[in-house]
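data.cif (mmCIF, C-alpha atoms) appears below.
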```
data_data
#
loop_
_atom_site.group_PDB
_atom_site.id
_atom_site.type_symbol
_atom_site.label_atom_id
_atom_site.label_comp_id
_atom_site.auth_asym_id
_atom_site.auth_seq_id
_atom_site.Cartn_x
_atom_site.Cartn_y
_atom_site.Cartn_z
ATOM 1 C CA MET R 1 69.530 84.271 143.797
ATOM 2 C CA LYS R 2 69.786 81.751 141.072
ATOM 3 C CA ILE R 3 69.019 82.921 137.587
ATOM 4 C CA ALA R 4 67.401 80.278 135.487
ATOM 5 C CA PHE R 5 68.147 79.775 131.843
ATOM 6 C CA ASP R 6 64.454 80.078 131.103
ATOM 7 C CA LYS R 7 64.734 83.804 131.863
ATOM 8 C CA LEU R 8 66.474 84.077 128.492
ATOM 9 C CA ASP R 9 64.136 85.305 125.788
ATOM 10 C CA LYS R 10 62.778 82.428 123.711
ATOM 11 C CA ALA R 11 62.615 84.665 120.656
ATOM 12 C CA PHE R 12 66.399 85.026 120.792
ATOM 13 C CA GLU R 13 67.157 81.347 121.112
ATOM 14 C CA ASN R 14 67.811 81.339 117.419
ATOM 15 C CA ARG R 15 71.161 82.877 116.543
ATOM 16 C CA VAL R 16 69.952 84.698 113.440
ATOM 17 C CA ARG R 17 67.163 86.440 115.371
ATOM 18 C CA LEU R 18 69.611 87.589 118.003
ATOM 19 C CA GLN R 19 71.924 88.863 115.275
ATOM 20 C CA ILE R 20 69.086 90.770 113.602
ATOM 21 C CA MET R 21 68.199 92.415 116.917
ATOM 22 C CA SER R 22 71.884 93.295 117.466
ATOM 23 C CA VAL R 23 71.985 95.086 114.127
ATOM 24 C CA LEU R 24 68.740 96.951 114.815
ATOM 25 C CA ALA R 25 69.959 97.937 118.276
ATOM 26 C CA ALA R 26 73.062 99.550 116.764
ATOM 27 C CA ASN R 27 71.292 101.205 113.818
ATOM 28 C CA ASP R 28 68.051 103.183 113.531
ATOM 29 C CA ARG R 29 66.991 101.348 110.427
ATOM 30 C CA TYR R 30 68.439 98.604 108.273
ATOM 31 C CA ASP R 31 67.257 97.398 104.895
ATOM 32 C CA PHE R 32 66.644 93.834 103.844
ATOM 33 C CA ASN R 33 69.491 93.490 101.365
ATOM 34 C CA SER R 34 72.145 95.011 103.614
ATOM 35 C CA LEU R 35 70.971 92.721 106.388
ATOM 36 C CA LYS R 36 71.217 89.754 104.073
ATOM 37 C CA ASP R 37 74.770 90.651 103.016
ATOM 38 C CA LEU R 38 75.839 91.273 106.580
ATOM 39 C CA LEU R 39 74.489 88.041 108.015
ATOM 40 C CA ASN R 40 75.340 86.055 104.903
ATOM 41 C CA ILE R 41 72.099 84.066 104.788
ATOM 42 C CA THR R 42 69.475 83.337 102.141
ATOM 43 C CA ASP R 43 66.425 85.484 101.350
ATOM 44 C CA GLY R 44 63.995 82.900 102.630
ATOM 45 C CA ASN R 45 65.866 82.253 105.829
ATOM 46 C CA LEU R 46 66.139 85.941 106.661
ATOM 47 C CA ALA R 47 62.511 86.637 105.748
ATOM 48 C CA SER R 48 61.194 83.910 108.041
ATOM 49 C CA HIS R 49 63.204 85.155 111.009
ATOM 50 C CA LEU R 50 62.124 88.739 110.354
ATOM 51 C CA LYS R 51 58.531 87.579 110.261
ATOM 52 C CA ALA R 52 58.951 85.854 113.609
ATOM 53 C CA LEU R 53 60.389 88.996 115.204
ATOM 54 C CA GLU R 54 57.630 91.073 113.658
ATOM 55 C CA LYS R 55 55.041 88.730 115.170
ATOM 56 C CA GLU R 56 56.602 89.276 118.608
ATOM 57 C CA GLU R 57 56.269 93.022 117.921
ATOM 58 C CA TYR R 58 60.018 93.399 118.408
ATOM 59 C CA ILE R 59 60.473 95.031 115.009
ATOM 60 C CA VAL R 60 58.393 97.056 112.564
ATOM 61 C CA VAL R 61 58.592 97.054 108.783
ATOM 62 C CA HIS R 62 58.753 100.144 106.600
ATOM 63 C CA LYS R 63 58.055 99.541 102.944
ATOM 64 C CA SER R 64 58.887 102.101 100.316
ATOM 65 C CA PHE R 65 60.179 102.373 96.785
ATOM 66 C CA LEU R 66 63.586 103.487 95.590
ATOM 67 C CA GLY R 67 62.735 104.370 92.030
ATOM 68 C CA ARG R 68 61.048 101.196 90.918
ATOM 69 C CA LYS R 69 62.743 98.849 93.333
ATOM 70 C CA PRO R 70 60.915 98.017 96.525
ATOM 71 C CA ASN R 71 62.971 98.949 99.548
ATOM 72 C CA THR R 72 62.111 97.310 102.842
ATOM 73 C CA ASN R 73 63.505 98.742 106.043
ATOM 74 C CA TYR R 74 63.319 97.336 109.526
ATOM 75 C CA GLU R 75 63.331 99.144 112.821
ATOM 76 C CA ALA R 76 63.399 97.838 116.392
ATOM 77 C CA THR R 77 60.399 98.763 118.545
ATOM 78 C CA ALA R 78 60.741 99.966 122.144
ATOM 79 C CA LYS R 79 59.513 96.551 123.222
ATOM 80 C CA GLY R 80 62.128 94.844 121.073
ATOM 81 C CA LYS R 81 64.956 97.023 122.360
ATOM 82 C CA GLN R 82 63.926 96.334 125.953
ATOM 83 C CA ALA R 83 63.760 92.589 125.279
ATOM 84 C CA PHE R 84 67.234 92.700 123.709
ATOM 85 C CA LYS R 85 68.626 94.606 126.695
ATOM 86 C CA ASP R 86 67.059 92.169 129.149
ATOM 87 C CA HIS R 87 68.497 89.278 127.195
ATOM 88 C CA LEU R 88 71.994 90.749 127.348
ATOM 89 C CA ASN R 89 71.642 91.450 131.070
ATOM 90 C CA THR R 90 70.588 87.886 131.716
ATOM 91 C CA LEU R 91 73.576 86.594 129.767
ATOM 92 C CA GLU R 92 75.876 88.811 131.810
ATOM 93 C CA GLN R 93 74.344 87.667 135.071
ATOM 94 C CA LEU R 94 74.740 84.071 134.016
ATOM 95 C CA ILE R 95 78.458 84.670 133.563
ATOM 96 C CA LYS R 96 78.763 86.306 136.996
ATOM 97 C CA GLN R 97 76.846 83.478 138.595
ATOM 98 C CA GLN R 98 79.052 80.849 137.052
ATOM 99 C CA LYS R 99 82.116 82.659 138.269
ATOM 100 C CA LEU R 100 80.885 82.481 141.867
ATOM 101 C CA THR R 101 80.187 78.776 141.832
ATOM 102 C CA MET J 1 75.287 76.888 128.158
ATOM 103 C CA GLU J 2 78.805 77.124 129.546
ATOM 104 C CA GLU J 3 80.472 80.382 130.477
ATOM 105 C CA LYS J 4 82.621 80.116 127.384
ATOM 106 C CA ASP J 5 79.536 79.810 125.170
ATOM 107 C CA ILE J 6 77.928 82.874 126.724
ATOM 108 C CA ARG J 7 81.137 84.827 126.277
ATOM 109 C CA ASN J 8 81.270 83.770 122.639
ATOM 110 C CA GLU J 9 77.651 84.793 122.224
ATOM 111 C CA LEU J 10 78.300 88.240 123.709
ATOM 112 C CA ALA J 11 81.428 88.664 121.603
ATOM 113 C CA SER J 12 79.543 87.780 118.439
ATOM 114 C CA ILE J 13 76.795 90.284 119.316
ATOM 115 C CA ARG J 14 79.374 93.006 119.842
ATOM 116 C CA ASN J 15 81.066 92.065 116.581
ATOM 117 C CA ILE J 16 77.871 92.219 114.544
ATOM 118 C CA MET J 17 76.821 95.527 116.104
ATOM 119 C CA GLU J 18 80.175 96.985 115.142
ATOM 120 C CA ARG J 19 80.219 95.455 111.684
ATOM 121 C CA SER J 20 76.684 96.679 110.974
ATOM 122 C CA SER J 21 77.304 100.298 111.946
ATOM 123 C CA LYS J 22 80.987 101.021 111.325
ATOM 124 C CA PHE J 23 83.258 100.662 108.350
ATOM 125 C CA ILE J 24 86.032 98.653 110.002
ATOM 126 C CA SER J 25 87.893 97.927 106.778
ATOM 127 C CA LEU J 26 89.646 101.277 106.567
ATOM 128 C CA SER J 27 93.258 100.391 105.866
ATOM 129 C CA GLY J 28 95.980 101.882 108.035
ATOM 130 C CA LEU J 29 98.558 101.083 105.384
ATOM 131 C CA SER J 30 96.779 103.375 102.930
ATOM 132 C CA GLY J 31 97.100 106.163 105.510
ATOM 133 C CA ILE J 32 100.859 105.633 105.647
ATOM 134 C CA LEU J 33 101.110 105.691 101.856
ATOM 135 C CA ALA J 34 98.923 108.816 101.609
ATOM 136 C CA GLY J 35 101.310 110.494 104.040
ATOM 137 C CA ILE J 36 104.282 109.533 101.896
ATOM 138 C CA TYR J 37 102.587 110.873 98.741
ATOM 139 C CA ALA J 38 101.864 114.125 100.562
ATOM 140 C CA LEU J 39 105.499 114.492 101.622
ATOM 141 C CA ILE J 40 106.660 113.875 98.048
ATOM 142 C CA GLY J 41 104.109 116.430 96.849
ATOM 143 C CA ALA J 42 105.269 118.936 99.450
ATOM 144 C CA TYR J 43 108.877 118.414 98.389
ATOM 145 C CA LEU J 44 108.024 119.022 94.708
ATOM 146 C CA ALA J 45 106.037 122.113 95.665
ATOM 147 C CA TYR J 46 108.928 123.346 97.757
ATOM 148 C CA ARG J 47 111.319 122.956 94.800
ATOM 149 C CA LEU J 48 108.865 124.822 92.633
ATOM 150 C CA ILE J 49 108.299 127.696 95.019
ATOM 151 C CA TYR J 50 111.794 128.266 96.325
ATOM 152 C CA LYS J 51 113.780 127.716 93.161
ATOM 153 C CA GLY J 52 114.668 131.333 92.563
ATOM 154 C CA PRO J 53 115.740 134.213 94.741
ATOM 155 C CA ILE J 54 112.152 135.431 95.077
ATOM 156 C CA ARG J 55 109.867 133.702 97.552
ATOM 157 C CA ILE J 56 106.628 133.020 95.792
ATOM 158 C CA TYR J 57 104.539 133.926 98.815
ATOM 159 C CA ASP J 58 105.761 137.486 98.565
ATOM 160 C CA SER J 59 105.042 137.669 94.898
ATOM 161 C CA LEU J 60 101.859 135.585 94.888
ATOM 162 C CA SER J 61 99.662 138.349 96.158
ATOM 163 C CA VAL J 62 100.766 140.371 93.168
ATOM 164 C CA GLY J 63 99.695 137.464 90.974
ATOM 165 C CA THR J 64 102.717 137.382 88.725
ATOM 166 C CA TYR J 65 103.070 133.611 88.659
ATOM 167 C CA PRO J 66 99.790 132.150 87.504
ATOM 168 C CA GLU J 67 101.538 129.126 85.957
ATOM 169 C CA THR J 68 103.154 128.262 89.298
ATOM 170 C CA ILE J 69 99.715 128.194 90.879
ATOM 171 C CA THR J 70 98.592 125.804 88.149
ATOM 172 C CA TYR J 71 101.562 123.499 88.846
ATOM 173 C CA LEU J 72 100.835 123.580 92.568
ATOM 174 C CA LEU J 73 97.202 122.683 91.900
ATOM 175 C CA ILE J 74 98.298 119.784 89.680
ATOM 176 C CA ILE J 75 100.578 118.461 92.439
ATOM 177 C CA ALA J 76 97.800 118.777 95.019
ATOM 178 C CA VAL J 77 95.262 117.000 92.808
ATOM 179 C CA ALA J 78 97.781 114.257 91.938
ATOM 180 C CA VAL J 79 98.452 113.630 95.644
ATOM 181 C CA LEU J 80 94.719 113.541 96.348
ATOM 182 C CA VAL J 81 93.914 111.158 93.500
ATOM 183 C CA ALA J 82 96.823 108.816 94.304
ATOM 184 C CA SER J 83 95.741 108.730 97.966
ATOM 185 C CA LEU J 84 92.115 108.015 97.082
ATOM 186 C CA ILE J 85 93.030 105.194 94.691
ATOM 187 C CA THR J 86 95.409 103.638 97.217
ATOM 188 C CA GLY J 87 92.807 103.952 99.954
ATOM 189 C CA PHE J 88 90.168 102.341 97.799
ATOM 190 C CA ILE J 89 92.341 99.402 96.686
ATOM 191 C CA LEU J 90 93.742 98.617 100.136
ATOM 192 C CA SER J 91 90.400 99.061 101.878
ATOM 193 C CA SER J 92 88.576 96.781 99.472
ATOM 194 C CA ARG J 93 91.227 94.139 100.092
ATOM 195 C CA GLN J 94 90.701 94.606 103.810
ATOM 196 C CA ALA J 95 86.915 94.515 103.389
ATOM 197 C CA LYS J 96 87.137 91.173 101.632
ATOM 198 C CA ARG J 97 89.186 89.798 104.497
ATOM 199 C CA LYS J 98 86.813 91.126 107.155
ATOM 200 C CA GLY J 99 83.664 90.095 105.308
ATOM 201 C CA GLN J 100 82.382 93.617 104.825
ATOM 202 C CA ALA J 101 81.009 95.073 101.606
ATOM 203 C CA ILE J 102 83.263 97.775 100.118
ATOM 204 C CA TRP J 103 80.255 99.374 98.432
ATOM 205 C CA GLY J 104 77.462 98.866 100.918
ATOM 206 C CA LYS J 105 75.204 100.795 103.241
ATOM 207 C CA ILE J 106 77.993 101.624 105.695
ATOM 208 C CA SER J 107 80.705 102.668 103.258
ATOM 209 C CA GLN J 108 78.139 104.868 101.486
ATOM 210 C CA THR J 109 77.155 106.548 104.748
ATOM 211 C CA LEU J 110 80.825 107.023 105.584
ATOM 212 C CA LEU J 111 81.563 108.565 102.188
ATOM 213 C CA PHE J 112 78.582 110.907 102.379
ATOM 214 C CA HIS J 113 79.578 112.223 105.778
ATOM 215 C CA MET J 114 83.170 112.611 104.683
ATOM 216 C CA ALA J 115 82.376 114.217 101.340
ATOM 217 C CA THR J 116 80.010 116.914 102.587
ATOM 218 C CA PRO J 117 82.586 119.062 104.443
ATOM 219 C CA LEU J 118 85.291 118.086 101.956
ATOM 220 C CA VAL J 119 83.399 119.162 98.836
ATOM 221 C CA THR J 120 82.137 122.313 100.543
ATOM 222 C CA GLY J 121 85.689 123.229 101.551
ATOM 223 C CA GLY J 122 87.123 122.299 98.163
ATOM 224 C CA LEU J 123 84.672 124.510 96.297
ATOM 225 C CA LEU J 124 85.138 127.378 98.726
ATOM 226 C CA ILE J 125 88.915 127.165 98.300
ATOM 227 C CA LEU J 126 88.597 127.180 94.497
ATOM 228 C CA ILE J 127 86.352 130.251 94.710
ATOM 229 C CA LEU J 128 88.822 132.015 97.003
ATOM 230 C CA LEU J 129 91.740 131.024 94.744
ATOM 231 C CA SER J 130 89.980 132.503 91.741
ATOM 232 C CA ARG J 131 89.707 135.756 93.669
ATOM 233 C CA GLY J 132 93.392 135.735 94.543
ATOM 234 C CA TYR J 133 93.238 134.787 98.222
ATOM 235 C CA TYR J 134 96.165 132.359 98.059
ATOM 236 C CA GLY J 135 97.086 132.557 101.722
ATOM 237 C CA ILE J 136 93.805 130.967 102.757
ATOM 238 C CA VAL J 137 94.466 127.653 100.983
ATOM 239 C CA THR J 138 96.615 125.748 103.484
ATOM 240 C CA PRO J 139 94.658 126.592 106.627
ATOM 241 C CA SER J 140 91.331 125.888 104.975
ATOM 242 C CA THR J 141 92.366 122.561 103.413
ATOM 243 C CA LEU J 142 93.549 121.396 106.846
ATOM 244 C CA ILE J 143 90.456 122.690 108.654
ATOM 245 C CA PHE J 144 87.909 121.264 106.201
ATOM 246 C CA TYR J 145 89.772 117.958 106.055
ATOM 247 C CA GLY J 146 89.720 117.827 109.855
ATOM 248 C CA LEU J 147 85.992 118.534 109.885
ATOM 249 C CA SER J 148 85.331 115.802 107.347
ATOM 250 C CA LEU J 149 87.335 113.303 109.429
ATOM 251 C CA ILE J 150 85.360 114.150 112.557
ATOM 252 C CA SER J 151 82.104 113.830 110.669
ATOM 253 C CA ALA J 152 83.204 110.473 109.200
ATOM 254 C CA SER J 153 84.545 109.119 112.485
ATOM 255 C CA ASN J 154 81.065 108.119 113.672
ATOM 256 C CA PHE J 155 81.048 105.469 110.996
ATOM 257 C CA THR J 156 84.531 104.034 111.363
ATOM 258 C CA PHE J 157 87.289 103.695 113.987
ATOM 259 C CA SER J 158 87.004 106.435 116.600
ATOM 260 C CA ASP J 159 90.765 107.146 116.295
ATOM 261 C CA VAL J 160 89.917 109.058 113.120
ATOM 262 C CA LYS J 161 88.182 111.702 115.258
ATOM 263 C CA TYR J 162 91.434 112.598 117.056
ATOM 264 C CA LEU J 163 93.276 112.866 113.761
ATOM 265 C CA GLY J 164 90.517 115.268 112.676
ATOM 266 C CA ILE J 165 90.922 117.404 115.793
ATOM 267 C CA LEU J 166 94.695 117.598 115.242
ATOM 268 C CA GLU J 167 94.191 118.662 111.606
ATOM 269 C CA ILE J 168 91.834 121.452 112.680
ATOM 270 C CA ILE J 169 94.245 122.731 115.342
ATOM 271 C CA LEU J 170 97.069 122.652 112.817
ATOM 272 C CA GLY J 171 94.910 124.532 110.310
ATOM 273 C CA LEU J 172 94.108 127.257 112.818
ATOM 274 C CA ILE J 173 97.783 127.665 113.729
ATOM 275 C CA ALA J 174 98.627 127.815 110.010
ATOM 276 C CA ALA J 175 96.063 130.598 109.618
ATOM 277 C CA CYS J 176 97.951 132.611 112.254
ATOM 278 C CA LEU J 177 101.307 132.099 110.561
ATOM 279 C CA PRO J 178 100.966 133.010 106.892
ATOM 280 C CA GLY J 179 103.959 132.076 104.743
ATOM 281 C CA TYR J 180 104.522 128.717 106.420
ATOM 282 C CA GLY J 181 101.657 127.062 104.565
ATOM 283 C CA LEU J 182 103.721 124.357 102.911
ATOM 284 C CA LEU J 183 105.310 123.351 106.206
ATOM 285 C CA PHE J 184 101.913 122.938 107.897
ATOM 286 C CA TRP J 185 100.574 121.155 104.859
ATOM 287 C CA ALA J 186 103.479 118.671 105.024
ATOM 288 C CA ILE J 187 102.895 118.099 108.734
ATOM 289 C CA GLY J 188 99.109 117.754 108.444
ATOM 290 C CA PHE J 189 98.857 115.607 105.346
ATOM 291 C CA GLY J 190 102.262 113.946 105.494
ATOM 292 C CA VAL J 191 103.508 113.380 109.027
ATOM 293 C CA LEU J 192 100.125 113.016 110.758
ATOM 294 C CA HIS J 193 98.924 110.510 108.153
ATOM 295 C CA ILE J 194 102.058 108.421 108.560
ATOM 296 C CA VAL J 195 101.781 108.487 112.372
ATOM 297 C CA TYR J 196 98.053 107.701 112.424
ATOM 298 C CA GLY J 197 98.297 105.200 109.576
ATOM 299 C CA SER J 198 100.998 103.278 111.472
ATOM 300 C CA MET J 199 98.911 103.296 114.653
ATOM 301 C CA MET J 200 95.841 102.015 112.843
ATOM 302 C CA TYR J 201 97.878 99.502 110.889
ATOM 303 C CA LEU J 202 99.215 97.974 114.103
ATOM 304 C CA LYS J 203 95.810 98.095 115.800
ATOM 305 C CA TYR J 204 93.399 96.927 113.105
ATOM 306 C CA ASP J 205 95.018 95.782 109.877
ATOM 307 C CA LYS J 206 95.988 92.372 111.160
#
```

This structure in structure tokens:
Amino acid sequence: MKIAFDKLDKAFENRVRLQIMSVLAANDRYDFNSLKDLLNITDGNLASHLKALEKEEYIVVHKSFLGRKPNTNYEATAKGKQAFKDHLNTLEQLIKQQKLT
Amino acid sequence: MEEKDIRNELASIRNIMERSSKFISLSGLSGILAGIYALIGAYLAYRLIYKGPIRIYDSLSVGTYPETITYLLIIAVAVLVASLITGFILSSRQAKRKGQAIWGKISQTLLFHMATPLVTGGLLILILLSRGYYGIVTPSTLIFYGLSLISASNFTFSDVKYLGILEIILGLIAACLPGYGLLFWAIGFGVLHIVYGSMMYLKYDK
């Protein structure tokens, strides 16, 4: 069976989104600033990608306050984790397939 | 997408998952140095304890040498502080190289999980010391240190867990053999640190 590239999740076409999902797959929760430091990108850039993932219902946002500072945490949903897993499986299958041909 | 691209993609995912959840900047070299400090400390303590004809362990229970206990505590604290400073300096250098924050979410989690058993054990030992239970010190420092390594190992290289297990075993043996405390202390904090530090240096410091 041939696996088409279009089986890959469109939401993860962008590298930053895939990286965000990787972080949230390895950690229960991750806050905005730590995510920003880790991925080394700007506030605006990160915020727009988070919004996109939120719209797909792949992540949920938890807003709270640490003293006076707002503290925003992100968590992967079950749907998001499944999508991430499927994406990785597809990538793996693509490798296997290319080995055979 | 070529196979090479997909492989790169998977490797970068694995890398970011690891970097986001584990403190991978722990320096092996600092482990080696901590081991050397501990051996120096053990040597000084040995000179202090066995300088006269009386073995201090026999006389300690009587409590005739309070000043010796103070000196031993000073040596122990000096070794601890020197090891912590070295660990901090070398690990922050490593963190810079690996693009990880030395004072970030992960290092804070690591420190918390390491400090909980360590502080608990430290306070317990001080309480026991104040009541004159000197024999308990070596086994309990080794055991609580081992526990803190195991607890911290979830947030850094998994090798640290095996070092923790060895420290606990050593501590339990030391508890069965009172009087050989310094020897076990030198093995646990000196030799094991040098062995594990070298292993981690070769594996990860590059």

Distance criterion (all atoms listed in the file): nearest to Ala76 (chain J) out of J:Phe23, J:Tyr201, J:Phe189, J:Tyr50: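 Among the listed residues, the smallest separation from Ala76 (chain J) belongs to J:Phe189.
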
Selection result of the PyMOL selection byres ((chain J) within 6 of (chain R)) on this file, as number ranges by chain: J: 3, 17, 20

Nearby residues (only C-alpha atoms) at most 6 Å from region 69-85 of chain R, same-chain spacing under 3 positions excluded, as a PyMOL selection string: chain R and resi 24+29-32+58-66+88

Reference answer for the PyMOL selection byres ((chain J and resi 163) around 12), as a ChimeraX atom specification: /J:31,142-143,145-153,157-162,164-170,188-189,191-197,199-200

Separation of CA of Val16 (chain R) from CA of Thr156 (chain J), in Å and rounded to one decimal: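 If I compute the distance from CA of Val16 (chain R) to CA of Thr156 (chain J), I get 24.3 Å.
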
For Leu39 (chain J), list every protein, DNA or RNA residue within 10 Å, evaluated using all atoms listed in the file, and leave out those in the same chain fewer than 5 positions away; present the list as a short mmCIF file (atom, residue, chain, number, x, y, z; two decimals) with C-alpha atoms, keeping the file's coordinate frame.
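What follows is the written file out28.cif:
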```
data_model
loop_
_atom_site.label_atom_id
_atom_site.label_comp_id
_atom_site.auth_asym_id
_atom_site.auth_seq_id
_atom_site.Cartn_x
_atom_site.Cartn_y
_atom_site.Cartn_z
CA LEU J 33 101.11 105.69 101.86
CA ALA J 34 98.92 108.82 101.61
CA LEU J 44 108.02 119.02 94.71
CA ALA J 45 106.04 122.11 95.66
CA VAL J 79 98.45 113.63 95.64
CA LEU J 183 105.31 123.35 106.21
CA TRP J 185 100.57 121.16 104.86
CA ALA J 186 103.48 118.67 105.02
CA ILE J 187 102.90 118.10 108.73
CA GLY J 188 99.11 117.75 108.44
CA PHE J 189 98.86 115.61 105.35
CA GLY J 190 102.26 113.95 105.49
CA VAL J 191 103.51 113.38 109.03
CA ILE J 194 102.06 108.42 108.56
#
```

Nearby residues, (61.8, 86.2, 108.3) file frame, 12 Å, all atoms listed in the file, as an mmCIF file with C-alpha atoms, in the coordinates of the input:
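selection.cif was written with the following content:
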```cif
data_model
loop_
_atom_site.group_PDB
_atom_site.id
_atom_site.type_symbol
_atom_site.label_atom_id
_atom_site.label_comp_id
_atom_site.auth_asym_id
_atom_site.auth_seq_id
_atom_site.Cartn_x
_atom_site.Cartn_y
_atom_site.Cartn_z
ATOM 1 C CA ASN R 14 67.811 81.339 117.419
ATOM 2 C CA VAL R 16 69.952 84.698 113.440
ATOM 3 C CA ARG R 17 67.163 86.440 115.371
ATOM 4 C CA ILE R 20 69.086 90.770 113.602
ATOM 5 C CA PHE R 32 66.644 93.834 103.844
ATOM 6 C CA LEU R 35 70.971 92.721 106.388
ATOM 7 C CA LYS R 36 71.217 89.754 104.073
ATOM 8 C CA ILE R 41 72.099 84.066 104.788
ATOM 9 C CA THR R 42 69.475 83.337 102.141
ATOM 10 C CA ASP R 43 66.425 85.484 101.350
ATOM 11 C CA GLY R 44 63.995 82.900 102.630
ATOM 12 C CA ASN R 45 65.866 82.253 105.829
ATOM 13 C CA LEU R 46 66.139 85.941 106.661
ATOM 14 C CA ALA R 47 62.511 86.637 105.748
ATOM 15 C CA SER R 48 61.194 83.910 108.041
ATOM 16 C CA HIS R 49 63.204 85.155 111.009
ATOM 17 C CA LEU R 50 62.124 88.739 110.354
ATOM 18 C CA LYS R 51 58.531 87.579 110.261
ATOM 19 C CA ALA R 52 58.951 85.854 113.609
ATOM 20 C CA LEU R 53 60.389 88.996 115.204
ATOM 21 C CA GLU R 54 57.630 91.073 113.658
ATOM 22 C CA LYS R 55 55.041 88.730 115.170
ATOM 23 C CA GLU R 56 56.602 89.276 118.608
ATOM 24 C CA ILE R 59 60.473 95.031 115.009
ATOM 25 C CA VAL R 61 58.592 97.054 108.783
ATOM 26 C CA TYR R 74 63.319 97.336 109.526
#
```

Given only C-alpha atoms as the counted atoms, nearest of J:Ser30, J:Arg19, J:Glu2, J:Gly132 to Ser92 (chain J): J:Ser30

Gap from CA of Tyr204 (chain J) to CA of Asn89 (chain R) - Å, one decimal: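 A separation of 28.7 Å between them.
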
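Summary of the local environment: counting only C-alpha atoms, residues at most 12 Å from Leu126 (chain J), other than itself and those fewer than 4 positions away along its chain, are J:Ile69, J:Thr70, J:Leu73, J:Val119, J:Thr120, J:Gly121, J:Gly122, J:Ser130, J:Arg131, J:Gly132, J:Tyr133, J:Tyr134, J:Ile136, J:Val137, J:Ser140, J:Thr141.
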
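Rounded to one decimal, CA of Thr116 (chain J) and CA of Gly135 (chain J) lie 23.2 Å from each other.
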
Set up a box along x, y and z of the file covering all listed atoms of region 8-17 of chain J, add 4 Å on every one of the six sides, and write the centre and edge lengths in Å to one decimal, as JSON.
```
{"center_x": 79.1, "center_y": 89.6, "center_z": 119.1, "size_x": 12.6, "size_y": 19.8, "size_z": 17.2}
```

Distance query Phe88 (chain J) at most 12 Å, all atoms listed in the file, self and fewer than 5 positions along chain excluded, as a list in words: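 Close residues of Phe88 (chain J): Ser25, Leu26, Ser27, Gly28, Leu29, Ser30, Gly31, Ala34, Val81, Ala82, Ser83, Arg93, Gln94, Ala95, Ile102, Trp103, Ser107 and Leu111 of chain J.
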